[in-house]
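Data from input_35.txt: compact mmCIF, C-alpha atoms
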```txt
# COMPACT_ATOMS: atom_id res chain seq x y z
CA MET A 231 7.57 -22.19 0.38
CA CYS A 232 8.00 -25.56 -1.30
CA ALA A 233 10.02 -28.31 0.37
CA PHE A 234 11.17 -29.71 -2.95
CA LEU A 235 13.93 -28.52 -5.25
CA HIS A 236 12.96 -27.30 -8.70
CA ASN A 237 15.05 -26.08 -11.58
CA ASP A 238 13.51 -22.61 -11.80
CA ASP A 239 16.34 -20.97 -13.75
CA GLN A 240 15.22 -22.35 -17.11
CA LYS A 241 11.57 -21.60 -16.33
CA VAL A 242 12.36 -18.00 -15.54
CA LYS A 243 14.49 -17.73 -18.68
CA ASN A 244 11.63 -19.06 -20.79
CA VAL A 245 9.14 -16.68 -19.20
CA TYR A 246 11.50 -13.76 -19.72
CA THR A 247 11.99 -14.66 -23.38
CA ALA A 248 8.28 -15.17 -23.98
CA LYS A 249 7.35 -11.82 -22.48
CA ASN A 250 9.98 -9.93 -24.43
CA ASN A 251 9.11 -11.65 -27.70
CA ASP A 252 5.47 -10.65 -27.27
CA SER A 253 6.11 -7.33 -28.95
CA GLY A 254 2.68 -6.65 -30.41
CA VAL A 255 1.71 -3.28 -31.83
CA ASN A 256 2.82 -1.25 -28.84
CA GLY A 257 6.22 -2.85 -28.41
CA GLY A 258 5.45 -5.56 -25.89
CA SER A 259 2.98 -6.38 -23.18
CA SER A 260 2.47 -3.91 -20.34
CA LEU A 261 3.34 -6.62 -17.84
CA ALA A 262 6.69 -7.20 -19.52
CA LYS A 263 7.42 -3.49 -19.43
CA ARG A 264 6.52 -3.18 -15.77
CA ARG A 265 8.56 -6.18 -14.71
CA TRP A 266 11.50 -6.28 -17.05
CA GLY A 267 11.45 -3.14 -19.17
CA GLY A 268 13.14 -0.85 -16.65
CA LYS A 269 16.75 -0.40 -15.66
CA ARG A 270 16.60 -2.73 -12.67
CA ASN A 271 16.91 -6.49 -12.96
CA TRP A 272 13.92 -8.59 -12.09
CA VAL A 273 14.52 -9.99 -8.59
CA ARG A 274 12.76 -13.21 -7.62
CA ASN A 275 11.96 -12.77 -3.94
CA GLN A 276 8.52 -14.28 -3.66
CA HIS A 277 9.30 -15.67 -0.20
CA LYS A 278 11.42 -12.79 1.09
CA ASN A 279 9.29 -12.27 4.20
CA SER A 280 9.57 -15.93 5.15
CA VAL A 281 13.35 -15.91 4.63
CA PHE A 282 13.78 -12.91 6.91
CA ARG A 283 11.32 -14.30 9.46
CA ILE A 284 13.22 -17.58 9.65
CA PHE A 285 16.46 -15.64 10.10
CA LEU A 286 14.90 -13.83 13.06
CA MET A 287 13.84 -17.15 14.57
CA GLN A 288 17.31 -18.63 14.11
CA THR A 289 19.11 -15.55 15.43
CA TYR A 290 16.97 -14.53 18.39
CA GLY A 291 15.20 -17.76 19.24
CA LEU A 292 11.50 -18.50 19.57
CA ASP A 293 11.46 -17.85 23.32
CA TYR A 294 12.78 -14.32 22.86
CA LEU A 295 10.46 -13.45 19.98
CA THR A 296 7.35 -14.76 21.73
CA LYS A 297 8.17 -13.42 25.18
CA GLU A 298 5.13 -12.38 27.19
CA ASN A 299 4.40 -8.68 27.62
CA SER A 300 6.79 -7.64 24.86
CA THR A 301 6.39 -6.19 21.39
CA LEU A 302 8.30 -6.49 18.14
CA ILE A 303 8.33 -3.29 16.08
CA ASP A 304 8.46 -3.51 12.29
CA VAL A 305 9.41 -0.11 10.85
CA ALA A 306 8.39 0.67 7.26
CA GLY A 307 6.52 -2.62 7.18
CA GLY A 308 4.48 -1.69 4.11
CA LYS A 309 1.44 -3.91 3.67
CA GLY A 310 2.27 -5.64 6.95
CA GLU A 311 2.91 -9.09 5.49
CA LEU A 312 6.12 -9.72 7.45
CA SER A 313 4.44 -8.77 10.73
CA TRP A 314 1.42 -10.89 9.79
CA GLU A 315 3.72 -13.91 9.35
CA LEU A 316 5.50 -13.19 12.63
CA THR A 317 2.15 -12.97 14.40
CA ASN A 318 0.32 -15.93 12.86
CA LEU A 319 3.12 -18.30 11.85
CA THR A 320 5.82 -17.65 14.43
CA GLY A 321 3.55 -16.73 17.33
CA VAL A 322 4.82 -13.25 18.27
CA LYS A 323 2.34 -11.90 20.81
CA ASP A 324 2.31 -8.24 19.72
CA CYS A 325 3.81 -7.17 16.41
CA VAL A 326 3.55 -3.43 15.67
CA VAL A 327 3.96 -2.05 12.15
CA ILE A 328 5.04 1.60 11.94
CA ASP A 329 4.26 2.82 8.45
CA PRO A 330 2.14 5.68 7.05
CA ARG A 331 0.50 3.39 4.51
CA PRO A 332 -2.63 1.34 5.33
CA LEU A 333 -2.14 -2.38 5.84
CA ASN A 334 -3.28 -4.70 3.06
CA LEU A 335 -3.26 -8.35 4.07
CA GLY A 336 -5.73 -9.87 1.65
CA LEU A 337 -3.12 -12.17 0.07
CA CYS A 338 -1.99 -13.52 3.46
CA GLU A 339 -5.56 -14.20 4.49
CA THR A 340 -6.28 -16.00 1.21
CA LYS A 341 -3.26 -18.27 1.71
CA TRP A 342 -4.41 -19.01 5.26
CA GLU A 343 -7.94 -19.86 4.19
CA LYS A 344 -6.63 -22.13 1.43
CA GLY A 345 -4.54 -24.07 3.94
CA MET A 346 -1.15 -23.01 2.60
CA PHE A 347 0.33 -23.03 6.12
CA GLU A 348 -1.09 -26.36 7.28
CA PRO A 349 1.61 -28.73 8.62
CA LYS A 350 0.63 -31.40 6.10
CA ARG A 351 1.06 -28.83 3.32
CA THR A 352 4.42 -27.41 4.42
CA GLY A 353 5.87 -30.83 5.22
CA PRO A 354 8.31 -31.86 7.96
CA VAL A 355 11.19 -29.84 6.49
CA PHE A 356 9.50 -26.48 6.88
CA SER A 357 6.76 -27.04 9.47
CA LYS A 358 9.21 -26.26 12.29
CA TRP A 359 9.28 -22.67 11.02
CA TYR A 360 5.51 -22.44 11.49
CA PRO A 361 5.24 -23.17 15.24
CA ALA A 362 2.01 -21.21 15.65
CA CYS A 363 0.36 -23.49 13.07
CA LYS A 364 1.48 -26.82 14.50
CA ASP A 365 -2.13 -27.76 15.33
CA GLY A 366 -3.41 -26.60 11.96
CA CYS A 367 -5.07 -23.39 10.76
CA LYS A 368 -8.68 -24.48 10.30
CA LEU A 369 -9.58 -24.26 13.98
CA GLN A 370 -8.04 -20.83 14.56
CA LYS A 371 -8.46 -17.42 12.99
CA TRP A 372 -5.63 -15.25 11.77
CA LYS A 373 -4.80 -12.08 13.65
CA TRP A 374 -3.76 -8.73 12.22
CA PRO A 375 -0.62 -7.04 13.58
CA LEU A 376 -1.03 -3.72 15.34
CA HIS A 377 -0.39 -0.59 13.31
CA ILE A 378 0.95 2.85 14.19
CA ARG A 379 0.14 4.64 10.97
CA CYS A 380 2.74 7.39 10.73
CA PHE A 381 6.29 8.14 9.61
CA PHE A 382 9.11 7.01 11.90
CA ASP A 383 11.39 9.60 13.50
CA SER A 384 13.45 8.09 16.31
CA LEU A 385 14.02 11.35 18.20
CA GLU A 386 10.35 12.35 18.11
CA PHE A 387 9.20 8.88 19.12
CA LEU A 388 11.62 8.84 22.04
CA LYS A 389 10.34 12.21 23.21
CA PHE A 390 6.77 10.96 22.84
CA MET A 391 7.52 7.88 24.94
CA GLU A 392 9.42 9.70 27.68
CA ALA A 393 7.02 12.62 28.07
CA GLY A 394 6.17 13.23 31.71
CA GLU A 395 2.80 14.33 33.06
CA ASP A 396 3.56 17.97 32.27
CA GLY A 397 4.46 17.24 28.65
CA LYS A 398 2.07 14.38 27.92
CA GLN A 399 -0.64 16.57 26.43
CA VAL A 400 1.80 18.13 23.95
CA ALA A 401 3.19 14.68 23.12
CA ASN A 402 -0.29 13.29 22.55
CA GLU A 403 -1.14 16.20 20.25
CA TRP A 404 2.03 15.48 18.28
CA TYR A 405 1.04 11.82 17.92
CA ASN A 406 -2.47 12.67 16.72
CA SER A 407 -1.08 15.18 14.22
CA GLU A 408 1.28 12.52 12.83
CA LEU A 409 -1.63 10.13 12.32
CA LYS A 410 -3.54 12.84 10.51
CA LYS A 411 -0.49 13.67 8.41
CA ALA A 412 -0.12 10.05 7.29
CA LYS A 413 -3.75 9.88 6.20
CA SER A 414 -3.30 13.01 4.10
CA ILE A 415 -0.63 11.33 1.99
CA SER A 416 -1.51 10.07 -1.48
CA TRP A 417 0.60 7.09 -2.56
CA THR A 418 1.02 7.01 -6.32
CA THR A 419 3.17 5.33 -8.96
CA LYS A 420 5.26 8.52 -9.08
CA GLY A 421 5.87 8.77 -5.35
CA LEU A 422 3.89 10.48 -2.62
CA SER A 423 2.26 13.87 -2.25
CA GLN A 424 0.61 15.61 0.66
CA HIS A 425 -2.47 17.81 0.53
CA GLU A 426 -3.41 20.44 3.06
CA ASP A 427 -7.09 19.56 2.91
CA GLY A 428 -6.30 15.95 3.74
CA GLU A 429 -7.84 14.76 0.48
CA SER A 430 -5.88 12.31 -1.65
CA HIS A 431 -5.30 13.29 -5.28
CA ASN A 432 -6.16 10.55 -7.73
CA GLY A 433 -5.36 11.85 -11.19
CA SER A 434 -5.65 9.63 -14.22
CA ASP A 435 -1.86 9.55 -14.63
CA GLU A 436 -1.23 8.84 -10.95
CA PRO A 437 -3.42 5.95 -9.87
CA LYS A 438 -4.08 5.79 -6.17
CA MET A 439 -2.01 3.09 -4.50
CA ASN A 440 -3.60 3.00 -1.05
CA HIS A 441 -6.78 1.39 -2.33
CA VAL A 442 -8.19 -1.74 -0.72
CA ASP A 443 -9.01 -4.81 -2.76
CA ALA A 444 -12.27 -6.73 -2.56
CA HIS A 445 -10.93 -9.17 0.01
CA ALA A 446 -9.52 -6.43 2.21
CA THR A 447 -12.76 -4.47 2.04
CA SER A 448 -14.56 -7.29 3.79
CA ASN A 449 -12.02 -6.99 6.59
CA GLU A 450 -12.18 -3.22 7.02
CA ASN A 451 -13.17 -3.81 10.62
CA GLU A 452 -9.93 -5.72 11.21
CA ARG A 453 -7.95 -2.87 9.69
CA SER A 454 -9.57 -0.25 11.89
CA LYS A 455 -9.08 -2.38 15.00
CA SER A 456 -5.40 -2.87 14.22
CA GLU A 457 -4.63 0.86 14.02
CA ILE A 458 -3.47 2.35 17.32
CA ASN A 459 -5.18 5.72 17.60
CA ASN A 460 -4.89 6.05 21.36
CA PRO A 461 -1.56 7.75 22.29
CA ASP A 462 -1.36 5.93 25.64
CA VAL A 463 -1.75 2.54 23.94
CA ALA A 464 0.95 3.49 21.42
CA ARG A 465 3.27 4.65 24.20
CA ASN A 466 2.80 1.39 26.06
CA ALA A 467 3.47 -0.70 22.95
CA LEU A 468 6.66 1.23 22.21
CA ALA A 469 7.87 0.91 25.81
CA ARG A 470 7.47 -2.89 25.73
CA CYS A 471 9.56 -3.29 22.55
CA ASN A 472 12.36 -5.86 22.87
CA LEU A 473 13.33 -5.94 19.17
CA ILE A 474 12.99 -3.43 16.34
CA ILE A 475 13.40 -4.52 12.72
CA GLY A 476 13.32 -3.08 9.22
CA PHE A 477 13.18 -5.03 5.96
CA HIS A 478 14.26 -2.63 3.21
CA PRO A 479 13.16 0.36 5.34
CA ASP A 480 14.65 2.95 2.94
CA GLN A 481 15.16 6.29 4.74
CA ALA A 482 14.36 4.81 8.17
CA ALA A 483 17.43 2.53 8.40
CA GLY A 484 19.48 4.89 10.55
CA GLU A 485 16.43 5.87 12.62
CA ILE A 486 15.84 2.23 13.58
CA ALA A 487 19.38 1.82 14.88
CA ASP A 488 19.23 5.15 16.76
CA PHE A 489 15.96 4.22 18.47
CA ALA A 490 17.25 0.79 19.49
CA MET A 491 20.52 2.12 20.85
CA ALA A 492 18.70 4.77 22.89
CA ARG A 493 16.39 2.10 24.32
CA ASN A 494 19.19 -0.45 24.78
CA ILE A 495 17.39 -3.11 22.72
CA PRO A 496 18.59 -5.16 19.71
CA TRP A 497 17.89 -4.10 16.14
CA CYS A 498 17.90 -5.93 12.82
CA ILE A 499 17.93 -4.19 9.44
CA VAL A 500 18.06 -5.37 5.83
CA PRO A 501 19.03 -2.06 4.17
CA CYS A 502 18.39 -1.30 0.54
CA CYS A 503 18.50 2.19 -0.98
CA VAL A 504 21.19 4.62 0.18
CA TYR A 505 19.48 8.02 -0.33
CA SER A 506 22.80 9.84 -0.20
CA ASP A 507 21.18 13.10 -1.33
CA LEU A 508 18.82 13.05 1.65
CA PHE A 509 21.58 12.24 4.16
CA PRO A 510 24.67 14.21 3.10
CA ARG A 511 26.01 14.21 6.69
CA ARG A 512 26.42 10.45 6.87
CA ARG A 513 30.14 9.74 7.04
CA LEU A 514 32.32 6.72 7.71
CA SER A 515 35.10 6.72 10.27
CA ASN A 516 37.58 7.33 7.43
CA GLY A 517 35.77 10.55 6.52
CA PHE A 518 34.15 9.33 3.29
CA ASN A 519 30.50 10.16 2.63
CA VAL A 520 28.01 7.28 2.48
CA LYS A 521 27.14 7.02 -1.21
CA SER A 522 27.10 3.31 -2.02
CA TYR A 523 25.32 0.24 -0.69
CA GLU A 524 28.55 -1.17 0.71
CA GLN A 525 29.25 2.10 2.51
CA LEU A 526 25.74 2.08 3.99
CA ILE A 527 26.39 -1.39 5.42
CA GLN A 528 29.70 -0.19 6.88
CA TRP A 529 28.05 2.92 8.30
CA LEU A 530 25.45 0.83 10.13
CA LEU A 531 28.18 -1.43 11.50
CA GLU A 532 30.11 1.56 12.76
CA LYS A 533 27.06 2.95 14.57
CA ASP A 534 27.19 0.08 17.06
CA PRO A 535 30.43 -1.84 17.80
CA SER A 536 28.38 -4.91 18.70
CA ALA A 537 26.67 -5.08 15.29
CA ASN A 538 27.09 -8.11 13.02
CA VAL A 539 26.47 -8.64 9.32
CA CYS A 540 25.56 -11.66 7.20
CA SER A 541 23.65 -12.41 4.00
CA LEU A 542 20.17 -13.78 3.56
CA ASP A 543 19.33 -16.35 0.88
CA LEU A 544 17.72 -13.72 -1.34
CA GLU A 545 18.44 -12.14 -4.67
CA GLY A 546 19.33 -8.47 -4.78
CA ARG A 547 20.43 -6.55 -1.70
CA SER A 548 20.29 -9.22 0.95
CA LYS A 549 22.78 -8.25 3.65
CA VAL A 550 21.34 -8.01 7.15
CA VAL A 551 22.95 -5.91 9.88
CA TYR A 552 21.87 -6.79 13.40
CA THR A 553 22.67 -6.74 17.09
CA LEU A 554 21.86 -9.29 19.75
CA PRO A 555 20.35 -8.81 23.21
CA LYS A 556 22.96 -7.55 25.66
CA ASP A 557 23.17 -10.87 27.52
CA ARG A 558 23.89 -12.74 24.26
CA GLN A 559 26.29 -10.43 22.48
CA LEU A 560 29.40 -12.02 21.02
CA GLN A 561 32.55 -11.31 22.94
```

Let me see the file written as structure tokens.
Amino acid sequence: MCAFLHNDDQKVKNVYTAKNNDSGVNGGSSLAKRRWGGKRNWVRNQHKNSVFRIFLMQTYGLDYLTKENSTLIDVAGGKGELSWELTNLTGVKDCVVIDPRPLNLGLCETKWEKGMFEPKRTGPVFSKWYPACKDGCKLQKWKWPLHIRCFFDSLEFLKFMEAGEDGKQVANEWYNSELKKAKSISWTTKGLSQHEDGESHNGSDEPKMNHVDAHATSNENERSKSEINNPDVARNALARCNLIIGFHPDQAAGEIADFAMARNIPWCIVPCCVYSDLFPRRRLSNGFNVKSYEQLIQWLLEKDPSANVCSLDLEGRSKVVYTLPKDRQLQ
């Protein structure tokens, strides 16, 4: 994130025009088609993780986020870049990503190694948002966030956490089966598909998306160490959670709020897609079904009377719905 103001609007306009004018034989470059040829507008959110991370620091405070013996859970965290920033730039002790996809943090590591987060590079305006790097990055090594590689179902996770001695074996078997299920998923450009034999399909028209790049391959050991395969370790990490978040978590938005409310902990969600077809039972207090983005925001607010809403400095769907710790809730 640059500390100086630039007039990017004209630059973006020029790039957009150049790409679309590069028609060629096949009607334009493939990059132009992928970025601007679809129905959606191109959204410039290069620093979206940093914007949300800074919001968390401003809202909950550094002391709360870095509290000893506590975890921050990042549901549907994707590659894990937000949790990586929270761990290495903010100083969160244990950040746990819950997502069925493998983590891919090669870009974050490259930025670290190139000194992008050094105090002298970020400058006095932004260095306060990098408290874990105040002494510089060269003398310390980055740390991967922890990873529970499975889909998130609040009810099942609560049952897994609260299983007594009599039910622990069944709960552990459920957890192991969920890990296996996640690894049997093939992530493609056309969505996901599951295969009974656990093998990922990689057809020529559906390139495999859960590949690891050259940089990430060299850190395969870090990836394997970050994954929580022991059910008892996972249960302990979940029990110590003092904040659960989701940045564009798609179908998991409601699950995040349900889990937090059952555990009496704060939650923070930046919702995106509505998925009204998948959740036809979602209704507002006035009886209307949740079919639009605005209705999804209202539905989340109605789930918890103490919830607040504000907007992040991002393009696109940038509203964040959140609650505060019980001792700090607004009266």

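Shell of region 355-361 of chain A at 10 Å, with only C-alpha atoms counted and residues fewer than 5 places along the chain excluded, is A:Met231, A:Cys232, A:Ala233, A:Phe234, A:Ser280, A:Arg283, A:Ile284, A:Met287, A:Gln288, A:Leu292, A:Glu315, A:Leu316, A:Asn318, A:Leu319, A:Thr320, A:Gly321, A:Phe347, A:Glu348, A:Pro349, A:Lys350, A:Gly366.
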
Practice task
Step by step: start from the point (15.2, -4.1, 21.8) in the file's coordinates, keep every protein, DNA or RNA residue that has an atom no farther than 12 Å from it, count all atoms listed in the file, and write the set as JSON, numbers by chain.
Solution key: {"A": [290, 294, 295, 300, 301, 302, 303, 304, 468, 469, 470, 471, 472, 473, 474, 475, 486, 487, 488, 489, 490, 491, 492, 493, 494, 495, 496, 497, 498, 552, 553, 554, 555, 556, 557]}

Practice task
Give me, please, the distance in Å between CA of Leu542 (chain A) and CA of Asn279 (chain A), quoted to one decimal.
Solution key: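 We find that CA of Leu542 (chain A) and CA of Asn279 (chain A) lie 11.0 Å from each other.
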
Practice task
Have a look at CA of Val327 (chain A) and CA of Glu311 (chain A) and let me know their distance in Å, one decimal.
Solution key: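 These atoms are spaced 9.7 Å apart.
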
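Between CA of Gln370 (chain A) and CA of Asn334 (chain A) the separation is 20.4 Å.
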
Handout entry: Minimum-distance residue to His377 (chain A), chosen among A:Ala401, A:Ala362, A:Val463, A:Ile415 (using only C-alpha atoms)
Key =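 Closest to His377 (chain A) of all the choices is A:Val463.
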
Quick one: axis-aligned box around all listed atoms of region 476-485 of chain A, 6 Å on every side, centre and edge lengths in Å to one decimal, written as lines of an AutoDock Vina configuration file.
```
center_x = 16.3
center_y = 0.6
center_z = 7.8
size_x = 18.3
size_y = 23.3
size_z = 21.7
```

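If only C-alpha atoms are the atoms counted, then among A:Lys455, A:Lys533, A:Lys549, A:His478 the closest residue to Leu514 (chain A) is A:Lys533.
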
Completion exercise
If you count all atoms listed in the file, the residue of A:Thr340, A:Ser414, A:Ser456, A:Asn402 closest to Ile378 (chain A) turns out to be A:Ser456

Practice task
Do a neighbour search on Asn519 (chain A) at 12 Å with only C-alpha atoms, toss out local chain neighbours closer than 6 positions, and write the hits as a PyMOL selection string.
Solution key: chain A and resi 504-507+509-513+525-526+528-529
